[in-house]
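Colleague: Dropping in query_22.cif, with mmCIF, C-alpha atoms.
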data_final
#
loop_
_atom_site.group_PDB
_atom_site.id
_atom_site.type_symbol
_atom_site.label_atom_id
_atom_site.label_comp_id
_atom_site.auth_asym_id
_atom_site.auth_seq_id
_atom_site.Cartn_x
_atom_site.Cartn_y
_atom_site.Cartn_z
ATOM 1 C CA MET R 1 51.165 15.602 -45.235
ATOM 2 C CA SER R 2 53.193 16.820 -42.287
ATOM 3 C CA LYS R 3 55.895 14.697 -40.786
ATOM 4 C CA LYS R 4 55.184 13.428 -37.296
ATOM 5 C CA ASN R 5 56.350 16.223 -35.050
ATOM 6 C CA PRO R 6 57.702 14.797 -31.752
ATOM 7 C CA GLN R 7 56.205 17.691 -29.895
ATOM 8 C CA GLU R 8 52.704 16.764 -30.979
ATOM 9 C CA SER R 9 52.593 13.414 -29.239
ATOM 10 C CA LYS R 10 51.825 15.151 -25.958
ATOM 11 C CA SER R 11 48.397 16.252 -27.027
ATOM 12 C CA GLU R 12 46.765 12.870 -27.485
ATOM 13 C CA LYS R 13 45.381 12.366 -24.009
ATOM 14 C CA ARG R 14 44.163 15.045 -21.681
ATOM 15 C CA PHE R 15 44.961 13.719 -18.223
ATOM 16 C CA GLY R 16 47.629 11.340 -17.112
ATOM 17 C CA ARG R 17 48.087 9.848 -13.660
ATOM 18 C CA ASN R 18 50.878 12.264 -12.788
ATOM 19 C CA ASP R 19 48.668 15.188 -13.604
ATOM 20 C CA ILE R 20 45.857 14.135 -11.340
ATOM 21 C CA ILE R 21 48.266 13.441 -8.512
ATOM 22 C CA LEU R 22 50.026 16.764 -8.915
ATOM 23 C CA LEU R 23 46.842 18.779 -9.174
ATOM 24 C CA LEU R 24 45.322 17.051 -6.172
ATOM 25 C CA ILE R 25 48.417 17.620 -4.080
ATOM 26 C CA LEU R 26 48.601 21.261 -5.073
ATOM 27 C CA ALA R 27 44.907 21.810 -4.421
ATOM 28 C CA ILE R 28 45.099 20.217 -0.990
ATOM 29 C CA VAL R 29 48.297 21.964 0.046
ATOM 30 C CA PHE R 30 47.136 25.348 -1.131
ATOM 31 C CA GLY R 31 43.748 24.801 0.414
ATOM 32 C CA ILE R 32 45.315 24.068 3.782
ATOM 33 C CA VAL R 33 47.649 27.038 3.542
ATOM 34 C CA PHE R 34 44.755 29.264 2.637
ATOM 35 C CA ALA R 35 42.529 28.025 5.442
ATOM 36 C CA ALA R 36 45.285 28.300 8.016
ATOM 37 C CA TYR R 37 46.147 31.765 6.860
ATOM 38 C CA SER R 38 42.629 33.165 6.895
ATOM 39 C CA VAL R 39 41.958 31.761 10.338
ATOM 40 C CA THR R 40 45.059 33.242 11.901
ATOM 41 C CA HIS R 41 45.150 36.507 10.057
ATOM 42 C CA GLN R 42 42.048 38.450 10.758
ATOM 43 C CA LYS R 43 42.664 42.107 10.278
ATOM 44 C CA ALA R 44 43.367 44.112 13.395
ATOM 45 C CA GLY R 45 41.371 47.303 13.363
ATOM 46 C CA ALA R 46 42.795 50.794 13.546
ATOM 47 C CA TYR R 47 40.122 52.642 15.484
ATOM 48 C CA VAL R 48 36.683 52.354 17.004
ATOM 49 C CA MET R 49 33.753 54.336 15.769
ATOM 50 C CA VAL R 50 31.207 55.147 18.435
ATOM 51 C CA THR R 51 27.710 56.013 17.308
ATOM 52 C CA VAL R 52 24.847 57.127 19.488
ATOM 53 C CA HIS R 53 21.351 56.836 18.026
ATOM 54 C CA GLY R 54 22.981 56.200 14.662
ATOM 55 C CA LYS R 55 24.882 59.459 14.710
ATOM 56 C CA GLU R 56 28.644 59.551 14.901
ATOM 57 C CA TYR R 57 29.781 60.319 18.408
ATOM 58 C CA GLY R 58 33.500 59.930 17.984
ATOM 59 C CA GLU R 59 36.412 58.000 16.554
ATOM 60 C CA TYR R 60 39.080 56.712 18.865
ATOM 61 C CA SER R 61 42.350 55.145 17.841
ATOM 62 C CA LEU R 62 42.968 51.675 19.210
ATOM 63 C CA SER R 63 46.642 52.354 19.543
ATOM 64 C CA GLU R 64 46.122 54.951 22.283
ATOM 65 C CA ASP R 65 45.030 53.784 25.695
ATOM 66 C CA ARG R 66 42.180 55.892 26.975
ATOM 67 C CA THR R 67 38.845 55.904 28.705
ATOM 68 C CA VAL R 68 35.931 57.267 26.766
ATOM 69 C CA LYS R 69 32.948 58.521 28.714
ATOM 70 C CA ILE R 70 29.967 58.456 26.448
ATOM 71 C CA ARG R 71 27.566 61.188 27.457
ATOM 72 C CA GLN R 72 23.977 61.632 26.479
ATOM 73 C CA ASP R 73 21.983 64.634 27.683
ATOM 74 C CA GLY R 74 24.717 65.527 30.086
ATOM 75 C CA GLU R 75 24.758 62.134 31.731
ATOM 76 C CA VAL R 76 27.415 59.464 31.311
ATOM 77 C CA THR R 77 25.577 56.439 29.982
ATOM 78 C CA ASN R 78 28.484 54.214 28.930
ATOM 79 C CA VAL R 79 32.166 54.049 29.560
ATOM 80 C CA LEU R 80 34.484 52.558 26.972
ATOM 81 C CA ALA R 81 38.031 51.588 27.839
ATOM 82 C CA ILE R 82 40.677 51.308 25.159
ATOM 83 C CA LYS R 83 43.770 49.439 26.241
ATOM 84 C CA ASP R 84 46.454 47.444 24.421
ATOM 85 C CA GLY R 85 44.554 47.653 21.155
ATOM 86 C CA TYR R 86 41.324 46.373 22.642
ATOM 87 C CA ALA R 87 38.099 48.252 23.332
ATOM 88 C CA ASP R 88 35.884 47.125 26.155
ATOM 89 C CA MET R 89 32.680 48.476 27.636
ATOM 90 C CA ILE R 90 33.464 48.693 31.309
ATOM 91 C CA LYS R 91 30.476 50.596 32.638
ATOM 92 C CA ALA R 92 26.956 51.281 31.581
ATOM 93 C CA ASN R 93 23.807 52.510 33.242
ATOM 94 C CA CYS R 94 21.568 50.086 31.418
ATOM 95 C CA LYS R 95 19.683 47.413 33.300
ATOM 96 C CA ASN R 96 20.830 44.283 31.509
ATOM 97 C CA GLN R 97 24.560 45.120 31.343
ATOM 98 C CA ILE R 98 24.919 42.929 28.270
ATOM 99 C CA CYS R 99 27.313 45.413 26.692
ATOM 100 C CA VAL R 100 29.573 45.287 29.719
ATOM 101 C CA HIS R 101 29.657 41.515 29.673
ATOM 102 C CA GLU R 102 30.587 41.440 26.007
ATOM 103 C CA LYS R 103 34.151 40.435 25.210
ATOM 104 C CA SER R 104 36.571 43.197 24.306
ATOM 105 C CA ILE R 105 36.903 43.869 20.612
ATOM 106 C CA SER R 106 39.869 44.612 18.408
ATOM 107 C CA LYS R 107 39.305 43.270 14.896
ATOM 108 C CA THR R 108 37.757 45.134 12.029
ATOM 109 C CA GLY R 109 34.021 44.661 11.983
ATOM 110 C CA GLU R 110 33.632 43.604 15.600
ATOM 111 C CA THR R 111 31.078 45.532 17.603
ATOM 112 C CA ILE R 112 29.803 46.099 21.089
ATOM 113 C CA ALA R 113 26.336 47.549 21.369
ATOM 114 C CA CYS R 114 24.304 48.904 24.220
ATOM 115 C CA ILE R 115 20.781 48.763 22.873
ATOM 116 C CA PRO R 116 18.968 50.507 25.711
ATOM 117 C CA ASN R 117 21.249 53.499 25.274
ATOM 118 C CA SER R 118 21.513 53.179 21.527
ATOM 119 C CA VAL R 119 25.266 53.112 21.679
ATOM 120 C CA VAL R 120 27.250 51.149 19.112
ATOM 121 C CA VAL R 121 31.003 50.710 19.188
ATOM 122 C CA LYS R 122 32.477 49.293 15.995
ATOM 123 C CA VAL R 123 36.055 48.538 15.009
ATOM 124 C CA GLU R 124 37.022 49.955 11.669
ATOM 125 C CA GLY R 125 39.958 50.567 9.440
ATOM 126 C CA GLY R 126 42.016 47.486 8.722
ATOM 127 C CA GLN R 127 45.603 47.365 7.490
ATOM 128 C CA SER R 128 46.247 49.809 4.739
ATOM 129 C CA SER R 129 48.157 48.607 1.751
ATOM 130 C CA ASN R 130 50.707 50.854 0.130
ATOM 131 C CA ILE R 131 50.577 49.110 -3.211
ATOM 132 C CA ASP R 132 48.284 50.549 -5.822
ATOM 133 C CA SER R 133 48.665 47.808 -8.346
ATOM 134 C CA ILE R 134 50.814 44.769 -8.709
ATOM 135 C CA ALA R 135 50.582 44.144 -12.422
ATOM 136 C CA ARG R 136 48.448 44.749 -15.437
ATOM 137 C CA MET K 1 59.805 25.094 -42.340
ATOM 138 C CA LYS K 2 60.021 24.926 -38.606
ATOM 139 C CA LYS K 3 59.848 28.587 -37.767
ATOM 140 C CA ASN K 4 56.838 30.033 -39.454
ATOM 141 C CA PHE K 5 57.016 33.697 -38.633
ATOM 142 C CA ALA K 6 53.605 34.456 -39.982
ATOM 143 C CA SER K 7 52.047 32.015 -37.533
ATOM 144 C CA LEU K 8 54.120 33.438 -34.712
ATOM 145 C CA GLY K 9 52.985 36.923 -35.646
ATOM 146 C CA VAL K 10 49.372 35.863 -35.570
ATOM 147 C CA LEU K 11 49.838 34.244 -32.193
ATOM 148 C CA LEU K 12 51.548 37.343 -30.853
ATOM 149 C CA ALA K 13 48.634 39.452 -32.032
ATOM 150 C CA LEU K 14 46.246 36.991 -30.438
ATOM 151 C CA ALA K 15 48.092 37.190 -27.143
ATOM 152 C CA LEU K 16 47.952 40.974 -27.258
ATOM 153 C CA VAL K 17 44.230 40.983 -27.912
ATOM 154 C CA LEU K 18 43.621 38.507 -25.108
ATOM 155 C CA SER K 19 45.723 40.617 -22.789
ATOM 156 C CA TYR K 20 43.726 43.689 -23.670
ATOM 157 C CA VAL K 21 40.310 42.094 -23.528
ATOM 158 C CA GLU K 22 40.804 40.473 -20.165
ATOM 159 C CA SER K 23 41.661 43.812 -18.611
ATOM 160 C CA PHE K 24 37.979 44.568 -19.004
ATOM 161 C CA ILE K 25 36.897 41.491 -17.090
ATOM 162 C CA PRO K 26 36.795 42.357 -13.404
ATOM 163 C CA PHE K 27 38.298 39.658 -11.295
ATOM 164 C CA PRO K 28 36.068 38.855 -8.326
ATOM 165 C CA VAL K 29 38.747 39.076 -5.680
ATOM 166 C CA GLY K 30 39.907 42.596 -4.978
ATOM 167 C CA ILE K 31 43.635 42.015 -5.246
ATOM 168 C CA PRO K 32 45.473 44.331 -7.594
ATOM 169 C CA GLY K 33 47.024 42.647 -10.559
ATOM 170 C CA LEU K 34 45.052 39.463 -10.322
ATOM 171 C CA LYS K 35 43.751 38.414 -13.678
ATOM 172 C CA LEU K 36 42.675 35.450 -15.722
ATOM 173 C CA GLY K 37 45.901 35.175 -17.636
ATOM 174 C CA LEU K 38 44.179 34.400 -20.920
ATOM 175 C CA ALA K 39 47.218 35.512 -22.864
ATOM 176 C CA ASN K 40 49.070 32.596 -21.340
ATOM 177 C CA ILE K 41 47.008 30.328 -23.533
ATOM 178 C CA VAL K 42 49.204 31.490 -26.385
ATOM 179 C CA THR K 43 52.314 30.881 -24.301
ATOM 180 C CA VAL K 44 51.282 27.320 -23.546
ATOM 181 C CA ILE K 45 50.347 26.627 -27.142
ATOM 182 C CA LEU K 46 53.674 27.998 -28.293
ATOM 183 C CA LEU K 47 55.525 25.863 -25.797
ATOM 184 C CA PHE K 48 53.821 22.655 -26.775
ATOM 185 C CA ARG K 49 53.461 23.151 -30.500
ATOM 186 C CA TYR K 50 56.580 25.091 -31.364
ATOM 187 C CA GLY K 51 59.178 25.079 -28.645
ATOM 188 C CA LYS K 52 60.684 26.958 -25.754
ATOM 189 C CA LYS K 53 62.485 29.542 -27.860
ATOM 190 C CA GLU K 54 59.339 30.575 -29.656
ATOM 191 C CA ALA K 55 57.378 30.580 -26.411
ATOM 192 C CA PHE K 56 59.957 32.810 -24.773
ATOM 193 C CA LEU K 57 60.265 35.219 -27.690
ATOM 194 C CA ILE K 58 56.596 35.751 -28.305
ATOM 195 C CA THR K 59 55.703 35.932 -24.636
ATOM 196 C CA ALA K 60 58.411 38.492 -23.908
ATOM 197 C CA ALA K 61 57.357 40.477 -26.958
ATOM 198 C CA ARG K 62 53.764 40.357 -25.813
ATOM 199 C CA VAL K 63 54.635 41.548 -22.314
ATOM 200 C CA PHE K 64 56.573 44.522 -23.648
ATOM 201 C CA LEU K 65 54.027 45.450 -26.272
ATOM 202 C CA ALA K 66 51.080 45.077 -23.939
ATOM 203 C CA GLY K 67 52.931 47.141 -21.374
ATOM 204 C CA PHE K 68 53.600 49.937 -23.829
ATOM 205 C CA LEU K 69 50.127 49.854 -25.279
ATOM 206 C CA PHE K 70 47.879 49.293 -22.313
ATOM 207 C CA GLY K 71 49.989 49.485 -19.205
ATOM 208 C CA ASN K 72 52.798 51.408 -17.651
ATOM 209 C CA PHE K 73 56.487 51.012 -16.995
ATOM 210 C CA PHE K 74 56.111 49.153 -13.739
ATOM 211 C CA SER K 75 53.507 46.782 -15.058
ATOM 212 C CA ILE K 76 56.095 45.495 -17.531
ATOM 213 C CA PHE K 77 58.398 44.604 -14.653
ATOM 214 C CA TYR K 78 55.740 42.704 -12.811
ATOM 215 C CA SER K 79 54.370 40.975 -15.868
ATOM 216 C CA LEU K 80 57.818 40.027 -17.066
ATOM 217 C CA ALA K 81 58.844 38.596 -13.721
ATOM 218 C CA GLY K 82 55.738 36.483 -13.519
ATOM 219 C CA ALA K 83 55.835 35.384 -17.134
ATOM 220 C CA LEU K 84 59.522 34.448 -17.134
ATOM 221 C CA LEU K 85 59.373 32.476 -13.912
ATOM 222 C CA SER K 86 56.207 30.802 -15.108
ATOM 223 C CA LEU K 87 57.759 29.919 -18.441
ATOM 224 C CA ALA K 88 60.942 28.587 -16.846
ATOM 225 C CA VAL K 89 58.938 26.273 -14.608
ATOM 226 C CA MET K 90 56.760 25.156 -17.491
ATOM 227 C CA ILE K 91 59.776 24.386 -19.659
ATOM 228 C CA LEU K 92 61.271 22.271 -16.885
ATOM 229 C CA MET K 93 58.050 20.424 -16.266
ATOM 230 C CA LYS K 94 57.531 19.744 -19.939
ATOM 231 C CA LYS K 95 61.075 18.442 -20.176
ATOM 232 C CA THR K 96 60.403 15.720 -17.625
ATOM 233 C CA GLY K 97 57.875 14.352 -20.050
ATOM 234 C CA LYS K 98 55.719 13.186 -17.163
ATOM 235 C CA PHE K 99 53.031 15.836 -17.239
ATOM 236 C CA LYS K 100 50.317 16.811 -19.638
ATOM 237 C CA VAL K 101 49.437 20.309 -20.739
ATOM 238 C CA VAL K 102 46.987 20.976 -17.907
ATOM 239 C CA SER K 103 49.362 20.454 -15.019
ATOM 240 C CA VAL K 104 52.228 22.200 -16.767
ATOM 241 C CA SER K 105 49.953 25.160 -17.245
ATOM 242 C CA ALA K 106 48.672 24.899 -13.677
ATOM 243 C CA ALA K 107 52.218 25.088 -12.337
ATOM 244 C CA GLY K 108 52.809 27.957 -14.740
ATOM 245 C CA GLY K 109 49.845 29.820 -13.327
ATOM 246 C CA VAL K 110 50.988 29.328 -9.748
ATOM 247 C CA PHE K 111 54.526 30.459 -10.431
ATOM 248 C CA HIS K 112 53.335 33.381 -12.495
ATOM 249 C CA ASN K 113 51.701 34.785 -9.382
ATOM 250 C CA ILE K 114 54.641 33.874 -7.183
ATOM 251 C CA GLY K 115 56.945 35.714 -9.556
ATOM 252 C CA GLN K 116 54.772 38.790 -9.503
ATOM 253 C CA LEU K 117 54.505 38.711 -5.735
ATOM 254 C CA ALA K 118 58.258 38.350 -5.373
ATOM 255 C CA ILE K 119 58.893 41.343 -7.597
ATOM 256 C CA ALA K 120 56.301 43.350 -5.694
ATOM 257 C CA VAL K 121 58.008 42.562 -2.396
ATOM 258 C CA PHE K 122 61.357 43.472 -3.911
ATOM 259 C CA LEU K 123 60.247 46.736 -5.483
ATOM 260 C CA VAL K 124 57.910 47.980 -2.791
ATOM 261 C CA GLY K 125 60.096 46.731 0.009
ATOM 262 C CA THR K 126 57.478 45.558 2.451
ATOM 263 C CA THR K 127 56.738 42.029 3.540
ATOM 264 C CA GLN K 128 53.149 42.970 4.219
ATOM 265 C CA ILE K 129 52.429 41.776 0.704
ATOM 266 C CA PHE K 130 52.934 38.141 1.700
ATOM 267 C CA TYR K 131 49.492 38.451 3.165
ATOM 268 C CA TYR K 132 48.274 37.853 -0.370
ATOM 269 C CA LEU K 133 50.269 34.688 -0.958
ATOM 270 C CA PRO K 134 47.629 32.046 -0.114
ATOM 271 C CA ILE K 135 44.951 33.519 -2.336
ATOM 272 C CA LEU K 136 47.472 34.089 -5.119
ATOM 273 C CA LEU K 137 48.531 30.454 -4.973
ATOM 274 C CA ILE K 138 44.997 29.214 -5.272
ATOM 275 C CA ALA K 139 44.046 31.733 -7.941
ATOM 276 C CA GLY K 140 47.173 30.817 -9.882
ATOM 277 C CA LEU K 141 46.294 27.155 -9.673
ATOM 278 C CA ILE K 142 42.735 27.666 -10.842
ATOM 279 C CA THR K 143 43.587 30.014 -13.692
ATOM 280 C CA GLY K 144 46.480 27.772 -14.678
ATOM 281 C CA VAL K 145 44.161 24.789 -14.931
ATOM 282 C CA ALA K 146 41.625 26.809 -16.923
ATOM 283 C CA VAL K 147 44.287 28.061 -19.320
ATOM 284 C CA GLY K 148 45.648 24.538 -19.580
ATOM 285 C CA LEU K 149 42.292 23.025 -20.447
ATOM 286 C CA ILE K 150 41.646 25.608 -23.137
ATOM 287 C CA SER K 151 45.148 25.267 -24.551
ATOM 288 C CA GLN K 152 44.906 21.511 -24.588
ATOM 289 C CA GLU K 153 41.642 21.578 -26.479
ATOM 290 C CA ILE K 154 43.079 23.968 -29.015
ATOM 291 C CA LEU K 155 46.198 21.863 -29.424
ATOM 292 C CA ILE K 156 44.225 18.698 -29.938
ATOM 293 C CA ARG K 157 41.828 20.198 -32.394
ATOM 294 C CA THR K 158 44.467 21.949 -34.485
ATOM 295 C CA ARG K 159 46.803 19.023 -34.714
ATOM 296 C CA HIS K 160 45.971 18.518 -38.347
ATOM 297 C CA ILE K 161 47.211 21.964 -39.324
ATOM 298 C CA SER K 162 50.561 21.358 -40.903
ATOM 299 C CA ASN K 163 52.083 24.765 -41.508
ATOM 300 C CA HIS K 164 54.436 24.697 -38.528
#
Would you put the structure from the file into structure tokens?

Modeller:
Amino acid sequence: MSKKNPQESKSEKRFGRNDIILLLILAIVFGIVFAAYSVTHQKAGAYVMVTVHGKEYGEYSLSEDRTVKIRQDGEVTNVLAIKDGYADMIKANCKNQICVHEKSISKTGETIACIPNSVVVKVEGGQSSNIDSIAR
Amino acid sequence: MKKNFASLGVLLALALVLSYVESFIPFPVGIPGLKLGLANIVTVILLFRYGKKEAFLITAARVFLAGFLFGNFFSIFYSLAGALLSLAVMILMKKTGKFKVVSVSAAGGVFHNIGQLAIAVFLVGTTQIFYYLPILLIAGLITGVAVGLISQEILIRTRHISNH
């Protein structure tokens, strides 16, 4: 029969009070850190993709201030302003002007759409990571 | 005989197999290098059944071998950093005598990821990587607990085996 190995006495019970306390504290702390981080760190986009009737009209970098006149059939239907990393619809010839009243967008995935003119402006291209792999 | 090299060899082989097999299991979150850490089960078992020297030896051997067999040069760096930091923390926690296998392993899991992140920041030289820290902490905690539960069950159920 084997002699009582002092290292084996740990395995009798599964959870002690210290364990539950530690795990709870860690879970709560990490949970808070995670929540705080995801709320404050939404990816800033790199450019806006403008599509008219579902077809790509153009890609415009958010880091360059400019005014984009969106033309359809020779007529300017919407005007998009890019300034300080934000894109905003500043003019449109649609009746309801909902697109103009929309807030300016800057984060990946955000969109401004002018339905009457079938114009969609979407922010794309988040931060690129220059790591290919951290570990195997 | 305290050091049973045959048993250690078997455990090393087991760790290698676990390391290889889990590379086929896609981890849901798309962060490079994130994995279940199944091979750490062997590390924890070694630590609690044999001792810190055996745990260190076999784990280091596993990291090198797995790196040569299935990975690349850099992966050894990352793995080693994570494994060593993780093991150091686990040894300290076990020494206090206040924690059971699960929480020791949980801390091990957390620090494994911290170690890997630290090395990544050091080698790649950009602090952008800290973006991953929160999810790595949580993932490390969860995998650490899972590894701990499995290890604990194995330890309890193999207590009667006397060849060590």

Colleague: Expand the PyMOL selection byres ((chain K) within 8 of (chain R)) into the individual residues it matches in the shown file, reporting them as a PyMOL selection string.

Modeller: chain K and resi 23+32-34+48-50+67+71+74-76+78-79+98-103+106+116-117+120+124+128+134-135+137-138+141+152+155-156+159+162

Colleague: So how far away is atom CA of Asn40 of chain K from atom CA of Leu24 of chain R, in Å?

Modeller: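 Distance between the two atoms: 22.0 Å.
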
Colleague: So that I can see what lies close to segment 84-88 of chain K, please list as a VMD selection string the residues with an atom at most 6 Å from it, counting all atoms listed in the file and leaving out residues fewer than 6 positions away in the same chain.

Modeller: chain K and resid 108 111 to 112 115

Colleague: Return as an MDAnalysis selection string the set of residues that the PyMOL selection byres ((chain K and resi 64) around 12) yields on the displayed structure.

Modeller: (chainID R and resid 136) or (chainID K and resid 12 15:16 19 57:63 65:81 83)

Colleague: Just give me the gap between atom CA of Ile119 of chain K and atom CA of Gly51 of chain K in Å, one decimal is fine.

Modeller: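 Distance reported for this atom pair: 26.6 Å.
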
Colleague: Do a neighbour search on Arg66 of chain R at 12 Å with only C-alpha atoms, toss out local chain neighbours closer than 4 positions, and write the hits as number ranges by chain.

Modeller: R: 48, 60-62, 79-88

Colleague: Once the PyMOL selection byres ((chain K and resi 147) around 7) is applied to the coordinates I shared, what remains selected? I want it as an NGL selection string.

Modeller: :K and (38 or 40-41 or 105 or 143-146 or 148-151)

Colleague: Do you know which residues are at most 10 Å from Val121 of chain R counting all atoms listed in the file, after dropping those on the same chain fewer than 5 positions away, and could you put them as a ChimeraX atom specification?

Modeller: /R:48-52,57-59,80,87-89,99,105,109-114

Colleague: Can you complete the atoms of segment 51-63 of chain K to N, CA and C atoms and list them as a compact mmCIF listing (two decimals), in the coordinates of the input?

Modeller:
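The resulting result04.txt:
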# COMPACT_ATOMS: atom_id res chain seq x y z
N GLY K 51 57.98 25.37 -29.43
CA GLY K 51 59.18 25.08 -28.64
C GLY K 51 59.45 26.20 -27.67
N LYS K 52 60.47 25.98 -26.81
CA LYS K 52 60.68 26.96 -25.75
C LYS K 52 61.20 28.29 -26.28
N LYS K 53 61.97 28.27 -27.35
CA LYS K 53 62.48 29.54 -27.86
C LYS K 53 61.35 30.42 -28.35
N GLU K 54 60.45 29.79 -29.14
CA GLU K 54 59.34 30.58 -29.66
C GLU K 54 58.46 31.08 -28.52
N ALA K 55 58.22 30.19 -27.54
CA ALA K 55 57.38 30.58 -26.41
C ALA K 55 57.99 31.78 -25.70
N PHE K 56 59.30 31.72 -25.48
CA PHE K 56 59.96 32.81 -24.77
C PHE K 56 59.89 34.11 -25.57
N LEU K 57 60.25 34.03 -26.83
CA LEU K 57 60.26 35.22 -27.69
C LEU K 57 58.92 35.92 -27.76
N ILE K 58 57.90 35.14 -28.12
CA ILE K 58 56.60 35.75 -28.30
C ILE K 58 56.02 36.25 -26.99
N THR K 59 56.24 35.49 -25.92
CA THR K 59 55.70 35.93 -24.64
C THR K 59 56.37 37.22 -24.18
N ALA K 60 57.70 37.28 -24.30
CA ALA K 60 58.41 38.49 -23.91
C ALA K 60 57.95 39.66 -24.77
N ALA K 61 57.81 39.41 -26.07
CA ALA K 61 57.36 40.48 -26.96
C ALA K 61 55.97 40.96 -26.55
N ARG K 62 55.11 39.98 -26.21
CA ARG K 62 53.76 40.36 -25.81
C ARG K 62 53.77 41.19 -24.55
N VAL K 63 54.58 40.80 -23.57
CA VAL K 63 54.64 41.55 -22.31
C VAL K 63 55.06 42.99 -22.56
